[in-house]
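This is structure24.tsv (TSV, C-alpha atoms and all ligand atoms).
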```
chain	number	residue	atom	x	y	z
A	426	MET	CA	-26.34	34.69	10.01
A	427	MET	CA	-27.96	35.19	6.61
A	428	LYS	CA	-27.66	38.38	4.57
A	429	ALA	CA	-31.18	39.67	5.30
A	430	GLU	CA	-30.74	39.17	9.05
A	431	ILE	CA	-27.33	40.86	9.09
A	432	LEU	CA	-28.58	43.91	7.20
A	433	GLU	CA	-31.73	44.17	9.29
A	434	LYS	CA	-29.80	43.95	12.56
A	435	ALA	CA	-27.36	46.66	11.44
A	436	ARG	CA	-30.18	48.96	10.32
A	437	LYS	CA	-32.12	48.43	13.53
A	438	GLU	CA	-29.03	49.35	15.53
A	439	LYS	CA	-28.41	52.32	13.23
A	440	ARG	CA	-24.96	51.10	12.26
A	441	THR	CA	-23.32	51.10	8.87
A	442	LEU	CA	-20.18	49.28	10.08
A	443	LEU	CA	-20.64	45.51	10.05
A	444	THR	CA	-18.63	43.50	12.55
A	445	GLU	CA	-15.82	41.28	11.31
A	446	ILE	CA	-18.03	38.21	11.88
A	447	GLU	CA	-20.99	39.69	9.97
A	448	SER	CA	-18.67	40.74	7.15
A	449	LYS	CA	-17.12	37.28	6.94
A	450	ASP	CA	-20.58	35.63	6.96
A	451	LEU	CA	-21.62	37.70	3.93
A	452	LEU	CA	-18.37	36.95	2.10
A	453	LYS	CA	-18.59	33.21	2.79
A	454	VAL	CA	-21.92	33.03	0.94
A	455	ALA	CA	-20.18	34.55	-2.08
A	456	LYS	CA	-17.56	31.75	-1.86
A	457	ILE	CA	-14.84	34.20	-0.87
A	458	PRO	CA	-12.44	32.25	1.39
A	459	VAL	CA	-12.52	33.57	4.96
A	460	ILE	CA	-11.02	31.92	8.05
A	461	GLU	CA	-13.57	30.17	10.31
A	462	THR	CA	-14.71	32.76	12.89
A	463	LYS	CA	-17.26	32.48	15.72
A	464	LEU	CA	-18.61	34.85	18.36
A	465	ALA	CA	-18.13	34.21	22.08
A	466	THR	CA	-19.87	36.27	24.73
A	467	THR	CA	-18.36	34.52	27.76
A	468	LYS	CA	-14.96	33.07	28.61
A	469	THR	CA	-16.42	29.56	28.84
A	470	GLU	CA	-17.98	29.91	25.41
A	471	ALA	CA	-14.66	31.10	23.98
A	472	MET	CA	-12.90	28.05	25.45
A	473	GLU	CA	-15.50	25.67	24.01
A	474	LEU	CA	-15.29	27.28	20.56
A	475	ALA	CA	-11.50	27.12	20.60
A	476	ARG	CA	-11.51	23.46	21.62
A	477	LYS	CA	-13.98	22.61	18.85
A	478	MET	CA	-11.99	24.52	16.22
A	479	GLY	CA	-8.65	23.19	17.38
A	480	PHE	CA	-5.63	25.14	18.63
A	481	PRO	CA	-3.92	27.44	17.82
A	482	VAL	CA	-6.62	30.10	17.65
A	483	VAL	CA	-6.80	33.88	17.33
A	484	MET	CA	-9.07	36.06	19.48
A	485	LYS	CA	-10.26	39.57	18.62
A	486	ILE	CA	-12.55	42.23	20.00
A	487	VAL	CA	-15.97	42.48	18.36
A	488	SER	CA	-17.26	46.03	18.72
A	489	PRO	CA	-18.95	48.43	16.30
A	490	ASP	CA	-16.84	51.18	17.90
A	491	VAL	CA	-13.44	49.58	17.27
A	492	VAL	CA	-12.38	49.72	13.62
A	493	HIS	CA	-8.64	49.08	14.05
A	494	LYS	CA	-8.64	46.19	16.46
A	495	SER	CA	-4.91	45.67	16.98
A	496	ASP	CA	-4.30	49.38	17.67
A	497	ALA	CA	-6.63	49.02	20.65
A	498	GLY	CA	-4.92	45.85	21.93
A	499	GLY	CA	-7.91	43.88	20.65
A	500	VAL	CA	-6.11	41.05	18.78
A	501	LYS	CA	-4.31	38.05	20.31
A	502	LEU	CA	-2.58	35.58	17.98
A	503	GLY	CA	-1.27	32.06	18.50
A	504	ILE	CA	-3.38	31.03	21.50
A	505	GLN	CA	-2.42	27.44	22.36
A	506	ASN	CA	-4.74	26.20	25.13
A	507	GLY	CA	-7.76	26.87	27.33
A	508	THR	CA	-5.79	28.77	29.96
A	509	GLN	CA	-4.47	31.15	27.31
A	510	VAL	CA	-8.01	31.62	25.97
A	511	GLY	CA	-9.13	32.79	29.41
A	512	LYS	CA	-6.18	35.12	29.78
A	513	ALA	CA	-6.61	36.58	26.29
A	514	TYR	CA	-10.33	37.15	26.92
A	515	THR	CA	-9.62	39.29	29.99
A	516	GLU	CA	-6.69	41.13	28.41
A	517	ILE	CA	-8.58	42.06	25.25
A	518	LEU	CA	-11.47	43.52	27.25
A	519	THR	CA	-9.10	45.43	29.55
A	520	ASN	CA	-7.10	46.85	26.62
A	521	VAL	CA	-10.15	47.91	24.64
A	522	LYS	CA	-11.85	49.53	27.64
A	523	LYS	CA	-8.65	51.49	28.23
A	524	HIS	CA	-8.57	52.77	24.62
A	525	TYR	CA	-12.32	53.24	24.19
A	526	PRO	CA	-14.06	53.53	27.57
A	527	LYS	CA	-17.44	53.98	25.86
A	528	ALA	CA	-17.13	51.20	23.27
A	529	LYS	CA	-20.11	48.89	22.97
A	530	ILE	CA	-18.66	45.38	23.30
A	531	VAL	CA	-20.52	42.66	21.37
A	532	GLY	CA	-18.13	39.92	22.45
A	533	ILE	CA	-14.90	38.33	21.34
A	534	SER	CA	-14.36	36.39	18.15
A	535	VAL	CA	-12.55	33.08	18.18
A	536	GLN	CA	-10.98	32.12	14.90
A	537	LYS	CA	-8.65	29.54	13.51
A	538	MET	CA	-5.06	30.70	13.28
A	539	ALA	CA	-4.22	30.75	9.56
A	540	ARG	CA	-0.77	29.68	8.44
A	541	GLN	CA	1.39	32.61	7.35
A	542	GLY	CA	1.40	33.56	3.69
A	543	ILE	CA	2.22	36.63	1.59
A	544	GLU	CA	-0.07	39.40	2.88
A	545	VAL	CA	-2.23	40.98	0.18
A	546	ILE	CA	-5.26	43.22	0.40
A	547	ILE	CA	-8.36	43.65	-1.71
A	548	GLY	CA	-10.56	46.66	-1.11
A	549	MET	CA	-13.54	48.43	-2.63
A	550	THR	CA	-14.54	52.07	-2.40
A	551	LYS	CA	-17.13	53.97	-4.40
A	552	ASP	CA	-16.12	56.77	-6.71
A	553	ALA	CA	-18.67	59.53	-7.37
A	554	GLN	CA	-18.14	59.13	-11.12
A	555	PHE	CA	-17.12	55.52	-11.67
A	556	GLY	CA	-19.03	53.75	-8.91
A	557	PRO	CA	-17.40	50.76	-7.21
A	558	VAL	CA	-13.62	50.59	-7.67
A	559	ILE	CA	-11.54	47.58	-6.61
A	560	MET	CA	-8.10	48.06	-5.10
A	561	PHE	CA	-5.39	45.39	-4.93
A	562	GLY	CA	-2.04	45.57	-3.20
A	563	LEU	CA	0.48	43.91	-0.96
A	564	GLY	CA	-0.41	44.08	2.71
A	565	GLY	CA	1.35	45.49	5.73
A	566	ILE	CA	4.08	48.08	5.46
A	567	LEU	CA	4.16	47.93	1.66
A	568	VAL	CA	0.64	49.29	1.30
A	569	GLU	CA	0.76	51.64	4.28
A	570	VAL	CA	4.07	53.31	3.48
A	571	LEU	CA	4.56	52.85	-0.23
A	572	LYS	CA	0.90	52.90	-1.35
A	573	ASP	CA	1.80	50.18	-3.83
A	574	VAL	CA	-1.70	49.46	-5.08
A	575	SER	CA	-3.64	49.19	-8.34
A	576	PHE	CA	-7.28	50.01	-9.14
A	577	ARG	CA	-9.97	48.78	-11.54
A	578	ILE	CA	-13.60	49.71	-12.07
A	579	VAL	CA	-16.33	47.11	-11.36
A	580	PRO	CA	-17.40	44.89	-13.14
A	581	MET	CA	-14.11	43.13	-13.76
A	582	THR	CA	-12.96	40.27	-15.95
A	583	LYS	CA	-10.23	37.78	-15.11
A	584	ARG	CA	-8.04	39.62	-17.62
A	585	ASP	CA	-8.52	42.90	-15.69
A	586	ALA	CA	-7.60	41.09	-12.48
A	587	SER	CA	-4.48	39.63	-14.05
A	588	GLU	CA	-3.33	43.06	-15.25
A	589	MET	CA	-4.11	44.61	-11.89
A	590	ILE	CA	-1.92	42.08	-10.06
A	591	GLY	CA	0.91	42.47	-12.56
A	592	GLU	CA	0.89	46.25	-12.20
A	593	ILE	CA	1.98	46.56	-8.59
A	594	LYS	CA	5.65	47.20	-7.93
A	595	GLY	CA	5.74	44.34	-5.46
A	596	PHE	CA	4.71	41.83	-8.14
A	597	PRO	CA	8.10	40.01	-7.97
A	598	ILE	CA	7.25	39.15	-4.36
A	599	LEU	CA	4.13	37.32	-5.57
A	600	LYS	CA	6.19	35.46	-8.17
A	601	GLY	CA	8.36	34.04	-5.37
A	602	TYR	CA	11.26	36.20	-4.32
A	603	ARG	CA	14.62	34.63	-3.35
A	604	GLY	CA	13.39	31.14	-2.72
A	605	GLN	CA	10.16	32.20	-0.97
A	606	ASP	CA	6.99	30.39	-2.02
A	607	PRO	CA	5.20	32.13	-4.88
A	608	ALA	CA	1.55	33.13	-4.56
A	609	ASP	CA	-1.14	31.23	-6.48
A	610	ILE	CA	-1.74	34.03	-8.97
A	611	PRO	CA	-4.61	32.40	-10.92
A	612	TYR	CA	-6.38	31.88	-7.58
A	613	LEU	CA	-5.90	35.56	-6.68
A	614	GLU	CA	-7.28	36.56	-10.09
A	615	ASP	CA	-10.43	34.51	-9.44
A	616	LEU	CA	-10.67	35.96	-5.95
A	617	ILE	CA	-10.53	39.56	-7.23
A	618	VAL	CA	-13.26	38.78	-9.79
A	619	LYS	CA	-15.37	37.19	-7.01
A	620	VAL	CA	-15.03	40.33	-4.90
A	621	SER	CA	-15.92	42.49	-7.91
A	622	ASP	CA	-19.02	40.34	-8.60
A	623	PHE	CA	-19.93	40.44	-4.90
A	624	VAL	CA	-19.94	44.23	-4.68
A	625	ASP	CA	-21.69	44.49	-8.05
A	626	LYS	CA	-24.54	42.31	-6.75
A	627	ASN	CA	-24.70	44.07	-3.36
A	628	PRO	CA	-25.14	47.79	-4.00
A	629	GLU	CA	-25.96	48.35	-0.32
A	630	ILE	CA	-22.23	47.90	0.38
A	631	LYS	CA	-20.37	51.20	0.45
A	632	GLU	CA	-16.88	50.02	1.35
A	633	LEU	CA	-15.11	46.72	1.73
A	634	ASP	CA	-11.71	45.78	3.07
A	635	LEU	CA	-10.06	42.37	3.12
A	636	ASN	CA	-6.89	43.19	5.00
A	637	PRO	CA	-4.99	40.98	5.15
A	638	ILE	CA	-5.52	38.03	2.87
A	639	PHE	CA	-2.76	35.40	3.17
A	640	ALA	CA	-1.69	34.29	-0.30
A	641	TYR	CA	-0.28	30.75	-0.45
A	642	LYS	CA	1.33	28.75	-3.20
A	643	ASP	CA	-1.98	26.94	-3.20
A	644	GLY	CA	-4.98	29.22	-2.64
A	645	ALA	CA	-5.48	32.16	-0.29
A	646	MET	CA	-7.42	33.01	2.89
A	647	ALA	CA	-8.82	36.30	4.22
A	648	VAL	CA	-8.24	36.62	7.97
A	649	ASP	CA	-9.78	40.08	8.49
A	650	ALA	CA	-12.81	41.63	6.79
A	651	ARG	CA	-14.65	44.92	7.14
A	652	ILE	CA	-17.80	46.01	5.34
A	653	ILE	CA	-19.43	49.42	5.56
A	654	LEU	CA	-23.02	49.77	4.36
A	655	GLU	CA	-24.55	52.71	2.54
A	656	PRO	CA	-26.54	54.89	4.91
A	657	VAL	CA	-30.30	54.49	4.57
A	658	SER	CA	-31.98	57.71	3.54
B	1	LIG	P1	-6.98	45.00	12.56
B	1	LIG	O1	-8.39	45.40	12.91
B	1	LIG	O2	-5.98	45.65	13.45
B	1	LIG	O3	-6.70	45.19	11.09
B	1	LIG	P2	-6.66	42.14	12.03
B	1	LIG	O4	-7.85	41.26	12.18
B	1	LIG	O5	-6.23	42.46	10.64
B	1	LIG	O6	-6.89	43.44	12.91
B	1	LIG	O7	-5.46	41.43	12.79
B	1	LIG	C1	-4.17	42.01	12.86
B	1	LIG	C2	-3.12	41.09	12.24
B	1	LIG	O8	-3.13	39.83	12.89
B	1	LIG	C3	-3.39	40.77	10.77
B	1	LIG	O9	-2.82	41.73	9.94
B	1	LIG	C4	-2.73	39.41	10.61
B	1	LIG	O10	-1.34	39.54	10.33
B	1	LIG	C5	-2.92	38.77	11.95
B	1	LIG	N1	-4.11	37.89	11.98
B	1	LIG	C6	-5.39	38.28	12.17
B	1	LIG	N2	-6.25	37.24	12.14
B	1	LIG	C7	-5.50	36.14	11.95
B	1	LIG	C8	-5.80	34.73	11.83
B	1	LIG	N3	-7.05	34.26	11.94
B	1	LIG	N4	-4.76	33.89	11.59
B	1	LIG	C9	-3.49	34.35	11.50
B	1	LIG	N5	-3.15	35.65	11.60
B	1	LIG	C10	-4.13	36.55	11.83
B	2	MG	MG	-6.84	44.03	9.42
```

Taking this structure as input, can you express it in the form of structure tokens?
Amino acid sequence: MMKAEILEKARKEKRTLLTEIESKDLLKVAKIPVIETKLATTKTEAMELARKMGFPVVMKIVSPDVVHKSDAGGVKLGIQNGTQVGKAYTEILTNVKKHYPKAKIVGISVQKMARQGIEVIIGMTKDAQFGPVIMFGLGGILVEVLKDVSFRIVPMTKRDASEMIGEIKGFPILKGYRGQDPADIPYLEDLIVKVSDFVDKNPEIKELDLNPIFAYKDGAMAVDARIILEPVS
């Protein structure tokens, strides 16, 4: 979907939370790398999408009422064939209905399974004084437990992005720790600037979360995305 359609649909439905698919569609236009993701509303459709994309795939709940999809049993990774697509479809719906009996279910997303990389996150929140602020950090346990993140005010230069990456305590992990592949740091710098430009040009966005992004020795790929819009007054 195009930006205007996505915003109009959200407003009509009185939602400020965009679905993962809507969020990824907006990001793709801004040339921010997101994993290919499509919406299925039936099991058959999910199987067709998976076959077209190529296995392995990932399936996730698409619901405006489910923000943390894996906590609700709404994410299945490494699906290898049509039979597993069918099984995952049923299981995801059962799990989510158990956690959120009243959740409005839009469908289930089918996405390509990205190869594993170093998990990083890029986020944006708005500060009452400074406006949009970009956050960068390592993903997973490192950000949740250690809060190892850095912040910069929008708009950002590549120099700001470079400093921001170098500031986190986990930086040695990105440089390639104990024989692990390093991350493509210039690529991450460009990516942070792209996100900064994106939120600068789209003031209707209140919050943004790319969590996680897989950082590779060559490039990076966001596998989850969440955008919250400003309320309309
Ligand atoms: P949540 O809403 O719980 O944050 P995510 O979409 O982030 O759900 O999925 C949970 C985890 O599954 C991610 O942190 C990531 O490690 C993995 N994951 C999600 N999507 C993909 C994908 N397309 N390819 C590979 N791994 C994925
Ligand atoms: Mg996530």

Using all atoms listed in the file, which residues have at least one atom no more than 10 Å from ligand MG 2 (chain B)? Output them as an NGL selection string. :A and (445 or 492-495 or 500 or 546 or 564-565 or 634-638 or 647-651)

Might you pull out every residue within 8 Å of stretch 611-615 of chain A, with all atoms listed in the file counted and same-chain residues fewer than 2 positions away left off, and present them as a ChimeraX atom specification? /A:583,586-587,590,609,617-619,640,643-645

Exercise: residues within 6 Å of coordinate (-18.0, 47.7, 20.8), counting all atoms listed in the file, as a list in words: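 Output of the proximity query reads Ser488, Pro489, Asp490, Ala528, Lys529, Ile530 and Val531 of chain A.
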
Counting only C-alpha atoms, the residue among A:Gly498, A:Gly562, A:Pro481, A:Pro580 that lies closest to A:Thr519 is A:Gly498

Quote the spacing between atom CA of A:Ser575 and atom CA of A:Ile547 in Å to one decimal place.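 Interatomic distance, atom CA of A:Ser575 to atom CA of A:Ile547: 9.8 Å.
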
May I ask which of the residues A:Ala465, A:Val491, A:Ala429, A:Met538 is the closest one to ligand LIG 1 (chain B), counting only C-alpha atoms and all ligand atoms?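 Under the stated criterion, the closest residue is A:Met538.
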
With distances taken over all atoms listed in the file, which of A:Glu588, A:Glu544, A:Glu438, A:Glu447 is nearest to A:Ile652?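 Comparing A:Glu588, A:Glu544, A:Glu438, A:Glu447 against A:Ile652, the winner is A:Glu447.
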
Have a look at atom CA of A:Gly503 and atom CA of A:Ile543 and let me know their distance in Å, one decimal.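 According to the coordinates, atom CA of A:Gly503 and atom CA of A:Ile543 are separated by 17.9 Å.
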
Please provide as a list in words all residues within 6 Å of stretch 505-510 of chain A, with the sequence filter that same-chain residues fewer than 3 positions apart are discarded (counting all atoms listed in the file).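 The neighbour list is Met472, Phe480, Pro481 and Ala513 of chain A.
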
Compile the contact shell of A:Val535 as a list in words: residues with an atom at most 7 Å away, counting only C-alpha atoms, same-chain residues fewer than 4 positions apart removed.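 What passes the distance filter is Thr462, Lys463, Leu464, Ala465, Ala471, Leu474, Ala475, Val482, Val483, Met484 and Lys485 of chain A.
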
Computed interatomic separation between atom CA of A:Ile460 and atom CA of A:Phe576 (Å): 25.2 Å

Coordinates of box centre and edge lengths for stretch 610-621 of chain A, 8 Å on every side, axis-aligned, as JSON:
```
{"center_x": -8.8, "center_y": 37.2, "center_z": -7.9, "size_x": 30.2, "size_y": 26.6, "size_z": 22.0}
```

Measuring between only C-alpha atoms, which one of A:Glu470, A:Glu655, A:Glu592, A:Asp622 shows the shortest distance to A:Arg436?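 Residue with the minimum atom-to-atom distance to A:Arg436: A:Glu655.
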
Just want the 10 Å neighbourhood of A:Asp606, counted on all atoms listed in the file, with same-chain residues fewer than 4 positions away dropped. Output as a ChimeraX atom specification. /A:542-543,598-602,640-643

From the structure just shown, export stretch 431-457 of chain A with N, CA, C and O atoms as a tab-separated table (two decimals), in the first residue's frame.
```tsv
chain	number	residue	atom	x	y	z
A	431	ILE	N	-2.31	4.06	3.53
A	431	ILE	CA	-2.02	3.49	4.85
A	431	ILE	C	-2.50	4.44	5.94
A	431	ILE	O	-3.18	4.03	6.89
A	432	LEU	N	-2.17	5.72	5.79
A	432	LEU	CA	-2.56	6.70	6.81
A	432	LEU	C	-4.08	6.85	6.87
A	432	LEU	O	-4.67	6.89	7.95
A	433	GLU	N	-4.71	6.86	5.70
A	433	GLU	CA	-6.16	7.04	5.65
A	433	GLU	C	-6.88	5.86	6.30
A	433	GLU	O	-7.83	6.05	7.07
A	434	LYS	N	-6.38	4.66	6.02
A	434	LYS	CA	-6.98	3.45	6.59
A	434	LYS	C	-6.87	3.47	8.12
A	434	LYS	O	-7.84	3.21	8.83
A	435	ALA	N	-5.69	3.82	8.61
A	435	ALA	CA	-5.48	3.88	10.06
A	435	ALA	C	-6.41	4.90	10.71
A	435	ALA	O	-7.05	4.63	11.72
A	436	ARG	N	-6.50	6.07	10.08
A	436	ARG	CA	-7.35	7.14	10.64
A	436	ARG	C	-8.81	6.73	10.66
A	436	ARG	O	-9.52	6.95	11.64
A	437	LYS	N	-9.24	6.11	9.55
A	437	LYS	CA	-10.63	5.68	9.45
A	437	LYS	C	-10.95	4.67	10.55
A	437	LYS	O	-12.03	4.68	11.13
A	438	GLU	N	-9.99	3.81	10.83
A	438	GLU	CA	-10.20	2.77	11.86
A	438	GLU	C	-9.83	3.28	13.26
A	438	GLU	O	-9.81	2.51	14.21
A	439	LYS	N	-9.54	4.57	13.34
A	439	LYS	CA	-9.19	5.21	14.62
A	439	LYS	C	-8.05	4.50	15.33
A	439	LYS	O	-8.09	4.27	16.55
A	440	ARG	N	-7.02	4.13	14.55
A	440	ARG	CA	-5.84	3.52	15.15
A	440	ARG	C	-4.66	4.45	14.97
A	440	ARG	O	-4.54	5.12	13.95
A	441	THR	N	-3.75	4.42	15.92
A	441	THR	CA	-2.47	5.10	15.73
A	441	THR	C	-1.35	4.07	15.54
A	441	THR	O	-0.27	4.43	15.07
A	442	LEU	N	-1.61	2.82	15.90
A	442	LEU	CA	-0.60	1.77	15.72
A	442	LEU	C	-0.72	1.16	14.32
A	442	LEU	O	-1.75	0.59	13.98
A	443	LEU	N	0.32	1.31	13.52
A	443	LEU	CA	0.32	0.67	12.20
A	443	LEU	C	0.71	-0.79	12.38
A	443	LEU	O	1.46	-1.14	13.28
A	444	THR	N	0.21	-1.65	11.50
A	444	THR	CA	0.63	-3.05	11.57
A	444	THR	C	2.07	-3.14	11.08
A	444	THR	O	2.61	-2.21	10.46
A	445	GLU	N	2.68	-4.30	11.35
A	445	GLU	CA	4.05	-4.53	10.89
A	445	GLU	C	4.15	-4.38	9.37
A	445	GLU	O	5.11	-3.78	8.86
A	446	ILE	N	3.13	-4.88	8.66
A	446	ILE	CA	3.17	-4.81	7.19
A	446	ILE	C	3.06	-3.36	6.71
A	446	ILE	O	3.82	-2.92	5.85
A	447	GLU	N	2.14	-2.61	7.31
A	447	GLU	CA	2.00	-1.19	6.94
A	447	GLU	C	3.29	-0.43	7.25
A	447	GLU	O	3.76	0.39	6.44
A	448	SER	N	3.87	-0.71	8.41
A	448	SER	CA	5.11	-0.03	8.80
A	448	SER	C	6.22	-0.34	7.80
A	448	SER	O	6.94	0.56	7.34
A	449	LYS	N	6.34	-1.62	7.45
A	449	LYS	CA	7.40	-2.02	6.50
A	449	LYS	C	7.16	-1.39	5.13
A	449	LYS	O	8.11	-1.01	4.45
A	450	ASP	N	5.89	-1.29	4.70
A	450	ASP	CA	5.60	-0.67	3.40
A	450	ASP	C	6.07	0.77	3.38
A	450	ASP	O	6.65	1.24	2.39
A	451	LEU	N	5.83	1.51	4.46
A	451	LEU	CA	6.27	2.91	4.52
A	451	LEU	C	7.80	3.00	4.49
A	451	LEU	O	8.37	3.87	3.81
A	452	LEU	N	8.45	2.11	5.22
A	452	LEU	CA	9.91	2.15	5.31
A	452	LEU	C	10.57	1.80	3.98
A	452	LEU	O	11.59	2.38	3.61
A	453	LYS	N	9.95	0.86	3.26
A	453	LYS	CA	10.50	0.41	1.99
A	453	LYS	C	10.60	1.58	1.00
A	453	LYS	O	11.59	1.71	0.29
A	454	VAL	N	9.58	2.43	1.00
A	454	VAL	CA	9.57	3.59	0.11
A	454	VAL	C	10.76	4.51	0.42
A	454	VAL	O	11.33	5.12	-0.47
A	455	ALA	N	11.15	4.55	1.69
A	455	ALA	CA	12.28	5.39	2.09
A	455	ALA	C	13.62	4.64	1.92
A	455	ALA	O	14.64	5.09	2.42
A	456	LYS	N	13.58	3.53	1.21
A	456	LYS	CA	14.78	2.72	0.92
A	456	LYS	C	15.45	2.19	2.18
A	456	LYS	O	16.67	2.00	2.23
A	457	ILE	N	14.65	1.97	3.21
A	457	ILE	CA	15.15	1.33	4.43
A	457	ILE	C	14.93	-0.17	4.23
A	457	ILE	O	13.82	-0.58	3.88
```
